[in-house]
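Single-structure report; data block below.
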Amino acid sequence: METTPLAWKVVIDAADPHRQAAFWAAALHYRVEDNSRLISRLLAVGAVDEQETVEFQGHLAWRDLIAIRHPDDPFDPDSDLGRGRRILFQRVPEPKVVKNRLHLDLHSPPGALEGEVARLEALGAATHERRARGGTEWVVMTDPEGGEFCLH
């Protein structure tokens, strides 16, 4: 019998993973993981080099990747790595050039669509287009790096 994973993460390529993590953490009401204790330990034993790190939001962070996690999900208190719903942003050198093959759908509370559009735009998102089908209305938006997502 196969087992199912207890934890998962979606990995998103980014030019600036820290900016994307900050945006998506605010958009989803998630928490940016603070891996500074883990990184400090790895630096102290020479397992990683300082060039692999940056300061982000007052904490030591990985230069090329950072994750956000749902605030109610379990996590390792020593490393702050989530053990539930996570999104990992990893630096890639090439820019986004085509439509996403995967995107997030965000669902606002009833009657709150326009307020959520405004909130996400204030965080750095942009409205791409508005759509309606089958009695349902949604807004196609883009994150600060142009990644598409839908707001219902």
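Chain lettering (A, B, ...) mirrors the order of the structure tokens, residue numbering begins at 1 for each chain separately, and ligand numbering begins at 1 in order of display.
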
Contacts of Lys99 (chain A) at 9 Å (only C-alpha atoms; same-chain gap of 3+ positions) as a VMD selection string: chain A and resid 96 102 147 to 148

Helix (DSSP H, G or I) per DSSP on the backbone: members of chain A, as number ranges by chain: A: 17-28, 36-44, 50-52, 113-123

Please dump the current selection as a tab-separated table (two decimals), in the first residue's frame; keep N, CA and C atoms.
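Writing the result to out-v8.tsv gives the following:
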chain	number	residue	atom	x	y	z
A	17	PRO	N	13.02	35.93	-4.96
A	17	PRO	CA	12.18	35.08	-4.11
A	17	PRO	C	11.71	35.75	-2.83
A	18	HIS	N	12.50	36.66	-2.28
A	18	HIS	CA	12.11	37.30	-1.02
A	18	HIS	C	10.95	38.27	-1.23
A	19	ARG	N	10.98	39.01	-2.32
A	19	ARG	CA	9.86	39.91	-2.62
A	19	ARG	C	8.59	39.10	-2.87
A	20	GLN	N	8.72	37.99	-3.60
A	20	GLN	CA	7.56	37.15	-3.86
A	20	GLN	C	7.02	36.54	-2.56
A	21	ALA	N	7.92	36.09	-1.69
A	21	ALA	CA	7.48	35.52	-0.41
A	21	ALA	C	6.74	36.56	0.42
A	22	ALA	N	7.26	37.77	0.46
A	22	ALA	CA	6.59	38.82	1.23
A	22	ALA	C	5.20	39.10	0.66
A	23	PHE	N	5.09	39.19	-0.68
A	23	PHE	CA	3.79	39.43	-1.30
A	23	PHE	C	2.82	38.31	-0.98
A	24	TRP	N	3.22	37.06	-1.26
A	24	TRP	CA	2.29	35.94	-1.10
A	24	TRP	C	1.96	35.67	0.37
A	25	ALA	N	2.89	35.90	1.27
A	25	ALA	CA	2.58	35.74	2.70
A	25	ALA	C	1.48	36.73	3.09
A	26	ALA	N	1.60	37.97	2.64
A	26	ALA	CA	0.57	38.97	2.95
A	26	ALA	C	-0.74	38.64	2.23
A	27	ALA	N	-0.67	38.21	0.98
A	27	ALA	CA	-1.87	37.91	0.21
A	27	ALA	C	-2.66	36.76	0.83
A	28	LEU	N	-1.96	35.73	1.29
A	28	LEU	CA	-2.62	34.53	1.81
A	28	LEU	C	-2.75	34.50	3.33
A	36	SER	N	16.67	31.35	10.22
A	36	SER	CA	17.93	31.93	10.68
A	36	SER	C	18.67	31.04	11.68
A	37	ARG	N	17.97	30.36	12.57
A	37	ARG	CA	18.66	29.48	13.53
A	37	ARG	C	19.32	28.31	12.81
A	38	LEU	N	18.64	27.71	11.87
A	38	LEU	CA	19.21	26.62	11.08
A	38	LEU	C	20.41	27.11	10.29
A	39	ILE	N	20.27	28.23	9.62
A	39	ILE	CA	21.36	28.78	8.82
A	39	ILE	C	22.56	29.10	9.69
A	40	SER	N	22.34	29.70	10.85
A	40	SER	CA	23.44	30.03	11.76
A	40	SER	C	24.20	28.77	12.17
A	41	ARG	N	23.48	27.70	12.48
A	41	ARG	CA	24.15	26.44	12.85
A	41	ARG	C	24.98	25.90	11.68
A	42	LEU	N	24.42	25.94	10.48
A	42	LEU	CA	25.13	25.43	9.32
A	42	LEU	C	26.36	26.28	8.99
A	43	LEU	N	26.25	27.58	9.17
A	43	LEU	CA	27.41	28.46	8.99
A	43	LEU	C	28.50	28.15	10.01
A	44	ALA	N	28.09	27.94	11.25
A	44	ALA	CA	29.05	27.70	12.34
A	44	ALA	C	29.88	26.44	12.13
A	50	GLU	N	28.74	31.99	3.74
A	50	GLU	CA	27.97	33.22	3.95
A	50	GLU	C	27.39	33.78	2.66
A	51	GLN	N	28.04	33.51	1.53
A	51	GLN	CA	27.55	34.00	0.24
A	51	GLN	C	26.21	33.37	-0.14
A	52	GLU	N	25.84	32.30	0.54
A	52	GLU	CA	24.56	31.64	0.29
A	52	GLU	C	23.42	32.26	1.08
A	113	LEU	N	-15.19	40.59	-3.09
A	113	LEU	CA	-14.28	40.51	-4.23
A	113	LEU	C	-13.56	41.83	-4.48
A	114	GLU	N	-14.29	42.92	-4.56
A	114	GLU	CA	-13.66	44.21	-4.88
A	114	GLU	C	-12.70	44.66	-3.78
A	115	GLY	N	-13.05	44.41	-2.54
A	115	GLY	CA	-12.16	44.75	-1.44
A	115	GLY	C	-10.87	43.95	-1.49
A	116	GLU	N	-10.97	42.67	-1.87
A	116	GLU	CA	-9.77	41.83	-1.99
A	116	GLU	C	-8.93	42.26	-3.19
A	117	VAL	N	-9.57	42.64	-4.28
A	117	VAL	CA	-8.81	43.16	-5.44
A	117	VAL	C	-8.00	44.37	-5.00
A	118	ALA	N	-8.62	45.28	-4.30
A	118	ALA	CA	-7.93	46.49	-3.84
A	118	ALA	C	-6.79	46.15	-2.87
A	119	ARG	N	-7.05	45.22	-1.95
A	119	ARG	CA	-6.01	44.83	-0.99
A	119	ARG	C	-4.81	44.21	-1.70
A	120	LEU	N	-5.06	43.33	-2.65
A	120	LEU	CA	-3.97	42.68	-3.38
A	120	LEU	C	-3.22	43.66	-4.28
A	121	GLU	N	-3.94	44.58	-4.88
A	121	GLU	CA	-3.27	45.61	-5.68
A	121	GLU	C	-2.37	46.48	-4.80
A	122	ALA	N	-2.81	46.79	-3.58
A	122	ALA	CA	-1.99	47.57	-2.66
A	122	ALA	C	-0.73	46.81	-2.25
A	123	LEU	N	-0.77	45.47	-2.29
A	123	LEU	CA	0.39	44.65	-1.97
A	123	LEU	C	1.35	44.50	-3.15

Selected residue of minimal separation from Val92 (chain A) among A:Ala132, A:Ala126, A:Leu65, A:Val140, counting only C-alpha atoms: A:Leu65

Picked from region 7-120 of chain A by DSSP as strand (DSSP E), as a PyMOL selection string: chain A and resi 8-14+31-32+53-56+59-62+65-69+85-91+105-106

Å distance separating CA of Pro71 (chain A) from CA of Val139 (chain A), one decimal place: 25.9 Å

Separation of CA of Pro110 (chain A) from CA of His128 (chain A) in Å: 21.4 Å

Selected residue of minimal separation from Phe56 (chain A) among A:Thr142, A:Asp72, A:Arg91, A:Val32, counting only C-alpha atoms: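 That would be A:Val32, the residue with the smallest distance to Phe56 (chain A).
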
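Reported to one decimal place, the separation of CA of Asn35 (chain A) from CA of Gly146 (chain A) is 26.8 Å.
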
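Excluding Arg130 (chain A) itself and any same-chain residue fewer than 5 positions from it, the protein and nucleic acid residues within 10 Å of it, counting only C-alpha atoms, are Glu137, Trp138, Val139, Val140, Met141, Cys150 and Leu151 of chain A.
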
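Distances to Ala125 (chain A) were evaluated for A:Gly46, A:Gly84, A:Pro144, A:Pro77 using only C-alpha atoms, and the minimum falls at A:Pro144.
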
Restrict the calculation to only C-alpha atoms, then for each residue of region 79-150 of chain A with any atom at most 7 Å from an atom of region 12-16 of chain A give the closest atom pair and their distance in Å to one decimal, rows by chain and rising residue number, as a Markdown table.
| residue | atom | partner | partner_atom | distance |
| --- | --- | --- | --- | --- |
| A:Leu88 | CA | A:Ile12 | CA | 6.2 |
| A:Phe89 | CA | A:Ile12 | CA | 4.9 |
| A:Gln90 | CA | A:Asp13 | CA | 5.1 |
| A:Arg91 | CA | A:Ala14 | CA | 5.0 |
| A:Val92 | CA | A:Ala14 | CA | 5.8 |
| A:Pro93 | CA | A:Ala15 | CA | 6.6 |
| A:Pro95 | CA | A:Ala15 | CA | 6.9 |
